[in-house]
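Okay, protein-v5.cif is below, mmCIF, C-alpha atoms and all ligand atoms:
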```cif
data_start
loop_
_atom_site.label_atom_id
_atom_site.label_comp_id
_atom_site.auth_asym_id
_atom_site.auth_seq_id
_atom_site.Cartn_x
_atom_site.Cartn_y
_atom_site.Cartn_z
CA MET A 1 43.72 -4.15 -12.32
CA SER A 2 40.36 -5.05 -10.96
CA PRO A 3 37.61 -2.53 -11.50
CA ALA A 4 36.95 -0.12 -8.70
CA PRO A 5 34.28 -1.47 -6.39
CA ALA A 6 30.90 0.03 -6.92
CA PRO A 7 30.22 2.71 -4.38
CA ALA A 8 28.20 1.50 -1.44
CA PRO A 9 24.57 2.39 -1.86
CA ALA A 10 23.55 5.44 0.08
CA PRO A 11 21.79 4.42 3.25
CA ALA A 12 18.04 4.59 2.89
CA ARG A 13 16.76 7.84 4.20
CA PRO A 14 14.89 7.06 7.37
CA ALA A 15 11.19 7.73 7.07
CA ALA A 16 10.23 11.01 8.61
CA ALA A 17 8.95 10.49 12.10
CA ALA A 18 5.18 10.49 12.57
CA ALA A 19 5.80 12.53 15.72
CA ARG A 20 8.79 13.78 17.64
CA THR A 21 9.78 16.04 20.47
CA ILE A 22 12.91 18.10 21.07
CA ASP A 23 13.92 18.93 24.62
CA LEU A 24 10.33 19.00 25.78
CA ARG A 25 9.69 20.42 29.22
CA LYS A 26 6.45 20.78 31.10
CA VAL A 27 6.56 22.55 34.42
CA TYR A 28 3.64 22.61 36.83
CA GLY A 29 3.08 24.94 39.74
CA SER A 30 4.95 27.98 40.91
CA GLY A 31 7.25 29.05 43.70
CA ASP A 32 8.39 26.28 46.04
CA THR A 33 6.08 23.69 44.55
CA THR A 34 7.32 23.88 40.97
CA LEU A 35 7.72 20.47 39.37
CA ALA A 36 9.08 19.48 35.97
CA ALA A 37 6.67 16.74 34.89
CA LEU A 38 8.70 16.51 31.66
CA ASP A 39 12.34 17.39 31.97
CA GLY A 40 13.93 17.52 28.54
CA VAL A 41 12.33 14.72 26.51
CA SER A 42 13.68 14.27 22.98
CA VAL A 43 12.12 11.31 21.21
CA GLU A 44 10.98 10.18 17.76
CA PHE A 45 8.11 7.92 16.80
CA GLY A 46 8.71 6.34 13.40
CA ARG A 47 5.85 5.84 10.98
CA GLY A 48 4.28 2.42 11.12
CA GLN A 49 5.80 1.69 14.52
CA PHE A 50 4.09 0.60 17.70
CA THR A 51 5.75 2.17 20.75
CA ALA A 52 4.89 1.49 24.38
CA ILE A 53 5.75 4.00 27.11
CA MET A 54 6.25 2.64 30.60
CA GLY A 55 7.28 4.07 33.93
CA PRO A 56 6.12 4.51 37.51
CA SER A 57 2.97 6.37 38.35
CA GLY A 58 3.55 10.13 38.20
CA CYS A 59 6.65 9.93 35.97
CA GLY A 60 5.08 12.04 33.22
CA LYS A 61 3.61 9.48 30.79
CA SER A 62 0.20 11.13 30.41
CA THR A 63 1.78 14.59 30.28
CA LEU A 64 4.01 13.45 27.41
CA LEU A 65 1.09 11.93 25.52
CA HIS A 66 -1.06 15.02 26.04
CA CYS A 67 1.70 17.34 24.81
CA LEU A 68 2.29 15.11 21.77
CA ALA A 69 -1.43 15.00 20.97
CA ALA A 70 -1.92 18.76 21.26
CA LEU A 71 -4.19 18.27 24.27
CA ASP A 72 -1.81 20.23 26.46
CA ASP A 73 0.86 22.93 25.99
CA ALA A 74 4.51 22.35 26.73
CA THR A 75 6.41 24.89 28.83
CA SER A 76 9.35 24.79 26.41
CA GLY A 77 10.80 22.62 23.68
CA GLN A 78 9.21 21.47 20.44
CA VAL A 79 6.60 18.93 19.38
CA PHE A 80 6.16 17.88 15.77
CA ILE A 81 3.35 15.89 14.20
CA GLY A 82 4.95 15.03 10.87
CA ASP A 83 6.45 18.32 9.73
CA ALA A 84 4.02 20.49 11.68
CA GLU A 85 5.53 22.05 14.76
CA LEU A 86 2.66 22.30 17.25
CA THR A 87 4.27 25.07 19.26
CA THR A 88 4.04 27.45 16.28
CA LEU A 89 0.38 26.78 15.46
CA ASN A 90 -2.63 28.83 16.47
CA ASP A 91 -5.73 27.34 18.12
CA LYS A 92 -7.55 26.83 14.85
CA GLN A 93 -4.60 25.03 13.28
CA LEU A 94 -4.22 22.88 16.41
CA THR A 95 -7.90 21.94 16.25
CA LEU A 96 -7.45 20.79 12.66
CA ILE A 97 -4.34 18.73 13.52
CA ARG A 98 -6.13 17.09 16.46
CA ARG A 99 -9.12 16.37 14.29
CA ASP A 100 -7.46 15.17 11.11
CA ARG A 101 -4.10 13.76 12.06
CA ILE A 102 -4.33 12.47 15.62
CA GLY A 103 -6.41 9.73 17.24
CA PHE A 104 -6.61 9.38 21.00
CA VAL A 105 -7.79 6.40 23.06
CA PHE A 106 -8.39 7.07 26.77
CA GLN A 107 -8.38 4.59 29.64
CA ALA A 108 -11.98 5.58 30.46
CA TYR A 109 -13.20 5.12 26.82
CA ASN A 110 -14.81 8.63 26.77
CA LEU A 111 -17.77 7.59 24.60
CA VAL A 112 -20.88 9.76 24.41
CA PRO A 113 -23.49 7.81 26.44
CA THR A 114 -26.51 8.98 24.46
CA LEU A 115 -25.10 7.93 21.09
CA THR A 116 -24.96 4.44 19.61
CA ALA A 117 -21.67 2.67 18.96
CA MET A 118 -21.83 3.61 15.28
CA GLU A 119 -22.66 7.24 16.07
CA ASN A 120 -19.73 7.37 18.48
CA ILE A 121 -17.39 5.89 15.87
CA THR A 122 -18.28 8.46 13.23
CA LEU A 123 -18.76 11.43 15.60
CA PRO A 124 -15.37 13.12 15.02
CA MET A 125 -15.84 12.91 11.25
CA ASP A 126 -19.48 14.08 11.52
CA ILE A 127 -18.32 17.11 13.51
CA ALA A 128 -15.69 17.76 10.85
CA GLY A 129 -18.36 17.49 8.14
CA ARG A 130 -16.53 14.61 6.50
CA LYS A 131 -17.81 11.26 5.35
CA PRO A 132 -15.84 8.21 6.42
CA ASP A 133 -14.66 5.99 3.58
CA PRO A 134 -17.35 3.25 3.78
CA GLN A 135 -14.96 0.47 2.83
CA TRP A 136 -12.46 1.53 5.47
CA LEU A 137 -15.21 1.92 8.07
CA ASN A 138 -16.35 -1.65 7.32
CA THR A 139 -12.81 -2.95 7.62
CA VAL A 140 -12.33 -1.25 10.99
CA ILE A 141 -15.69 -2.42 12.33
CA GLY A 142 -15.13 -5.97 11.08
CA THR A 143 -11.60 -6.15 12.45
CA LEU A 144 -12.83 -5.00 15.84
CA GLY A 145 -15.73 -7.46 15.86
CA LEU A 146 -18.30 -4.72 16.36
CA ALA A 147 -20.63 -5.42 13.44
CA ASP A 148 -23.47 -6.73 15.62
CA ARG A 149 -23.08 -4.03 18.29
CA LEU A 150 -23.40 -0.90 16.20
CA ASP A 151 -26.91 0.03 17.43
CA HIS A 152 -25.99 -0.41 21.09
CA LYS A 153 -25.45 2.48 23.48
CA PRO A 154 -22.22 2.40 25.52
CA SER A 155 -24.15 1.29 28.65
CA GLN A 156 -25.24 -1.83 26.74
CA LEU A 157 -21.63 -2.76 25.92
CA SER A 158 -18.94 -4.43 28.01
CA GLY A 159 -15.80 -2.46 28.87
CA GLY A 160 -13.86 -4.31 26.20
CA GLN A 161 -16.52 -3.57 23.59
CA GLN A 162 -16.59 0.11 24.61
CA GLN A 163 -12.82 0.33 24.25
CA ARG A 164 -13.02 -1.33 20.84
CA VAL A 165 -15.57 1.33 19.83
CA ALA A 166 -13.11 3.97 21.08
CA CYS A 167 -10.36 2.35 18.98
CA ALA A 168 -12.63 2.37 15.92
CA ARG A 169 -13.42 6.05 16.57
CA ALA A 170 -9.69 6.84 16.71
CA LEU A 171 -8.94 4.93 13.52
CA THR A 172 -11.84 5.90 11.26
CA SER A 173 -10.31 9.15 10.01
CA ARG A 174 -7.01 7.32 9.29
CA PRO A 175 -4.97 9.62 11.51
CA ASP A 176 -1.19 9.88 11.14
CA ILE A 177 -0.76 8.67 14.69
CA ILE A 178 -2.84 7.15 17.49
CA PHE A 179 -2.05 7.87 21.13
CA ALA A 180 -3.51 5.52 23.74
CA ASP A 181 -3.19 6.27 27.46
CA GLU A 182 -3.47 2.99 29.39
CA PRO A 183 -6.15 1.74 27.00
CA THR A 184 -6.36 -1.61 28.79
CA GLY A 185 -6.17 -0.18 32.31
CA ASN A 186 -9.84 -0.91 33.01
CA LEU A 187 -10.08 -4.19 31.12
CA ASP A 188 -9.77 -7.86 32.13
CA SER A 189 -7.08 -9.91 30.45
CA THR A 190 -9.29 -11.27 27.67
CA ALA A 191 -10.65 -7.86 26.70
CA SER A 192 -7.13 -6.39 27.01
CA ALA A 193 -5.75 -8.98 24.63
CA GLU A 194 -8.46 -8.13 22.07
CA VAL A 195 -7.72 -4.41 22.18
CA LEU A 196 -3.94 -4.96 22.07
CA ALA A 197 -4.20 -7.45 19.21
CA PHE A 198 -6.21 -4.85 17.33
CA LEU A 199 -3.66 -2.09 17.92
CA ARG A 200 -0.91 -4.50 16.80
CA ARG A 201 -2.88 -5.41 13.69
CA SER A 202 -3.56 -1.77 12.84
CA VAL A 203 0.21 -1.26 12.76
CA ARG A 204 1.07 -4.44 10.85
CA GLU A 205 -1.77 -4.47 8.33
CA PHE A 206 -2.78 -0.83 8.00
CA GLY A 207 0.59 0.86 8.60
CA GLN A 208 -0.83 2.80 11.53
CA THR A 209 1.54 4.49 13.99
CA VAL A 210 0.63 3.82 17.63
CA VAL A 211 2.05 5.21 20.88
CA MET A 212 0.61 3.53 23.97
CA VAL A 213 1.16 4.14 27.67
CA THR A 214 0.87 1.01 29.78
CA HIS A 215 1.79 -0.38 33.20
CA ASP A 216 1.58 -3.95 31.99
CA PRO A 217 4.64 -5.81 30.64
CA ALA A 218 2.35 -8.18 28.72
CA ALA A 219 0.75 -5.18 26.99
CA ALA A 220 4.15 -3.60 26.26
CA ALA A 221 5.23 -6.85 24.59
CA TYR A 222 2.77 -6.13 21.74
CA ALA A 223 4.88 -3.08 20.80
CA ASP A 224 7.95 -2.83 18.55
CA ARG A 225 9.73 -0.63 21.05
CA VAL A 226 9.38 0.26 24.71
CA LEU A 227 10.48 3.59 26.17
CA PHE A 228 11.05 3.77 29.91
CA LEU A 229 10.30 7.08 31.54
CA ALA A 230 11.35 8.12 35.06
CA ASP A 231 11.01 11.50 36.72
CA GLY A 232 10.10 13.21 33.47
CA ARG A 233 12.99 11.81 31.45
CA ILE A 234 13.48 8.91 29.07
CA VAL A 235 15.90 6.62 30.89
CA ASP A 236 15.93 3.50 28.76
CA GLU A 237 14.61 1.90 25.61
CA MET A 238 14.07 -1.68 24.41
CA THR A 239 13.32 -2.99 20.92
CA ASP A 240 11.36 -6.15 20.17
CA PRO A 241 10.30 -6.48 23.79
CA THR A 242 9.02 -9.63 25.44
CA ALA A 243 6.96 -9.51 28.64
CA ALA A 244 9.78 -11.28 30.52
CA ARG A 245 12.45 -8.79 29.39
CA VAL A 246 10.23 -5.83 30.21
CA LEU A 247 9.50 -7.28 33.65
CA ASP A 248 13.23 -7.79 34.25
CA ARG A 249 13.90 -4.18 33.28
CA MET A 250 11.19 -2.95 35.64
CA LYS A 251 12.69 -4.98 38.51
CA SER A 252 16.19 -3.70 37.96
CA PRO A 253 16.89 -0.91 40.41
CA ALA A 254 16.58 2.40 38.66
CA PRO A 255 18.21 5.47 40.12
CA THR A 256 15.47 7.59 41.60
CA ARG A 257 16.47 11.18 41.76
CA GLY A 258 12.98 12.60 41.75
CA HIS A 259 11.41 15.12 39.43
CA ALA A 260 13.57 18.16 39.03
CA ARG A 261 12.50 20.98 41.28
CA VAL A 262 12.68 24.28 39.52
CA SER A 263 13.19 27.37 41.56
P1 LIG B 301 1.78 9.46 34.78
O1 LIG B 301 0.81 9.51 33.65
O2 LIG B 301 3.12 8.90 34.43
O3 LIG B 301 1.22 8.79 36.00
P2 LIG B 301 1.43 12.36 34.80
O4 LIG B 301 1.95 12.77 33.49
O5 LIG B 301 -0.04 12.31 34.97
O6 LIG B 301 2.11 10.97 35.24
O7 LIG B 301 2.01 13.35 35.92
C1 LIG B 301 3.40 13.69 36.00
C2 LIG B 301 3.62 14.58 37.20
O8 LIG B 301 3.00 15.83 36.98
C3 LIG B 301 3.05 14.04 38.51
O9 LIG B 301 3.92 14.37 39.54
C4 LIG B 301 1.74 14.77 38.61
O10 LIG B 301 1.36 14.90 39.95
C5 LIG B 301 2.07 16.12 38.00
N1 LIG B 301 0.88 16.72 37.37
C6 LIG B 301 0.15 16.21 36.36
N2 LIG B 301 -0.85 17.04 36.01
C7 LIG B 301 -0.74 18.12 36.83
C8 LIG B 301 -1.47 19.34 36.96
N3 LIG B 301 -2.51 19.62 36.17
N4 LIG B 301 -1.07 20.21 37.92
C9 LIG B 301 -0.01 19.96 38.71
N5 LIG B 301 0.74 18.83 38.62
C10 LIG B 301 0.38 17.92 37.70
MG MG B 302 -1.09 8.72 33.46
#
```

Translate the structure of the given file into structure tokens.
Ligand code: ADP
Ligand code: MG
Amino acid sequence: MSPAPAPAPAPARPAAAAARTIDLRKVYGSGDTTLAALDGVSVEFGRGQFTAIMGPSGCGKSTLLHCLAALDDATSGQVFIGDAELTTLNDKQLTLIRRDRIGFVFQAYNLVPTLTAMENITLPMDIAGRKPDPQWLNTVIGTLGLADRLDHKPSQLSGGQQQRVACARALTSRPDIIFADEPTGNLDSTASAEVLAFLRRSVREFGQTVVMVTHDPAAAAYADRVLFLADGRIVDEMTDPTAARVLDRMKSPAPTRGHARVS
């Protein structure tokens, strides 16, 4: 009799998500004009993954990012950053999570105009009374090609350079997750490619987790996964996207039922 086959190895436990939502809803307005900007979004963002979020203007992309990043409250449902459920935290705890565990990159850079590039990069950590790890700071600055721009004010930098400063600012505290809302929306294609290549590299080389909203199939192709949002819901998903496949998906007729009206 042949020996009993060895039991199959237990499947590896999936890494805990860097962030996730359960049945997230965000309702704006009241009375006849109530609108569910997010209408039951349940999604996970795995650690070390680069996710792009796409969808038509007004479909809830920024609302989702803001709820995930503790910049806005949900109406109902749950948001977790790691094991921390944001909906159960008080303002002080939320401030600490935003400061220590989340990085945010805005389309409009949001740099402080009176501060130099270097001062902008270290500002969140200065406010927190923490010293950036000098070696890490050097790595970030070198990777972003900002070493000879550190004394410049934002007005002396191109849009692409300003957005790279904003990326460095988001990364310096080594947050658990970086959210970027159309980070290349104001940039030309060369500057966009630099910022996107950096985000990609931060995932591949530094294990960073990135969630990025974009309109641009070429930008989405830098991600590991693309989520498609419509009318406040996740309607589709694609792994290992290429620009051509994303473009095809965007062209395919999607049912438009409109944001749910709540009455
Ligand atoms: P996207 O980023 O995909 O363009 P948003 O998340 O900004 O979309 O908006 C989703 C929906 O919620 C839109 O219909 C928008 O008009 C509405 N909305 C966003 N912010 C507010 C607000 N502060 N008050 C009322 N409605 C809002
Ligand atoms: Mg938006």

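Using only C-alpha atoms, the smallest distance between any of A:Ala36, A:Leu150, A:Ala191, A:Val246 and Cys59 of chain A comes from A:Ala36.
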
If the limit is 9 Å from any atom of ligand LIG 301 (chain B), counting all atoms listed in the file, which residues qualify? Return them as a compact mmCIF listing (two decimals) with C-alpha atoms, in the frame of the given file.
```
# COMPACT_ATOMS: atom_id res chain seq x y z
CA LYS A 26 6.45 20.78 31.10
CA VAL A 27 6.56 22.55 34.42
CA TYR A 28 3.64 22.61 36.83
CA GLY A 29 3.08 24.94 39.74
CA THR A 34 7.32 23.88 40.97
CA LEU A 35 7.72 20.47 39.37
CA ALA A 36 9.08 19.48 35.97
CA ALA A 37 6.67 16.74 34.89
CA LEU A 38 8.70 16.51 31.66
CA MET A 54 6.25 2.64 30.60
CA GLY A 55 7.28 4.07 33.93
CA PRO A 56 6.12 4.51 37.51
CA SER A 57 2.97 6.37 38.35
CA GLY A 58 3.55 10.13 38.20
CA CYS A 59 6.65 9.93 35.97
CA GLY A 60 5.08 12.04 33.22
CA LYS A 61 3.61 9.48 30.79
CA SER A 62 0.20 11.13 30.41
CA THR A 63 1.78 14.59 30.28
CA LEU A 64 4.01 13.45 27.41
CA LEU A 65 1.09 11.93 25.52
CA HIS A 66 -1.06 15.02 26.04
CA ASP A 181 -3.19 6.27 27.46
CA GLU A 182 -3.47 2.99 29.39
CA VAL A 213 1.16 4.14 27.67
CA LEU A 229 10.30 7.08 31.54
CA ALA A 230 11.35 8.12 35.06
CA ASP A 231 11.01 11.50 36.72
CA GLY A 232 10.10 13.21 33.47
CA HIS A 259 11.41 15.12 39.43
```

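When atom CA of Phe198 of chain A is paired with atom CA of Leu171 of chain A, their separation reads 10.8 Å.
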
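If you look at atom CA of Thr209 of chain A and atom CA of Glu85 of chain A, they are 18.0 Å away from each other.
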
Problem - Point (-0.2, 14.3, 13.0), cut-off 7 Å, counting all atoms listed in the file, residues as a ChimeraX atom specification - result: /A:18-19,81-82,97,101-102,175-177
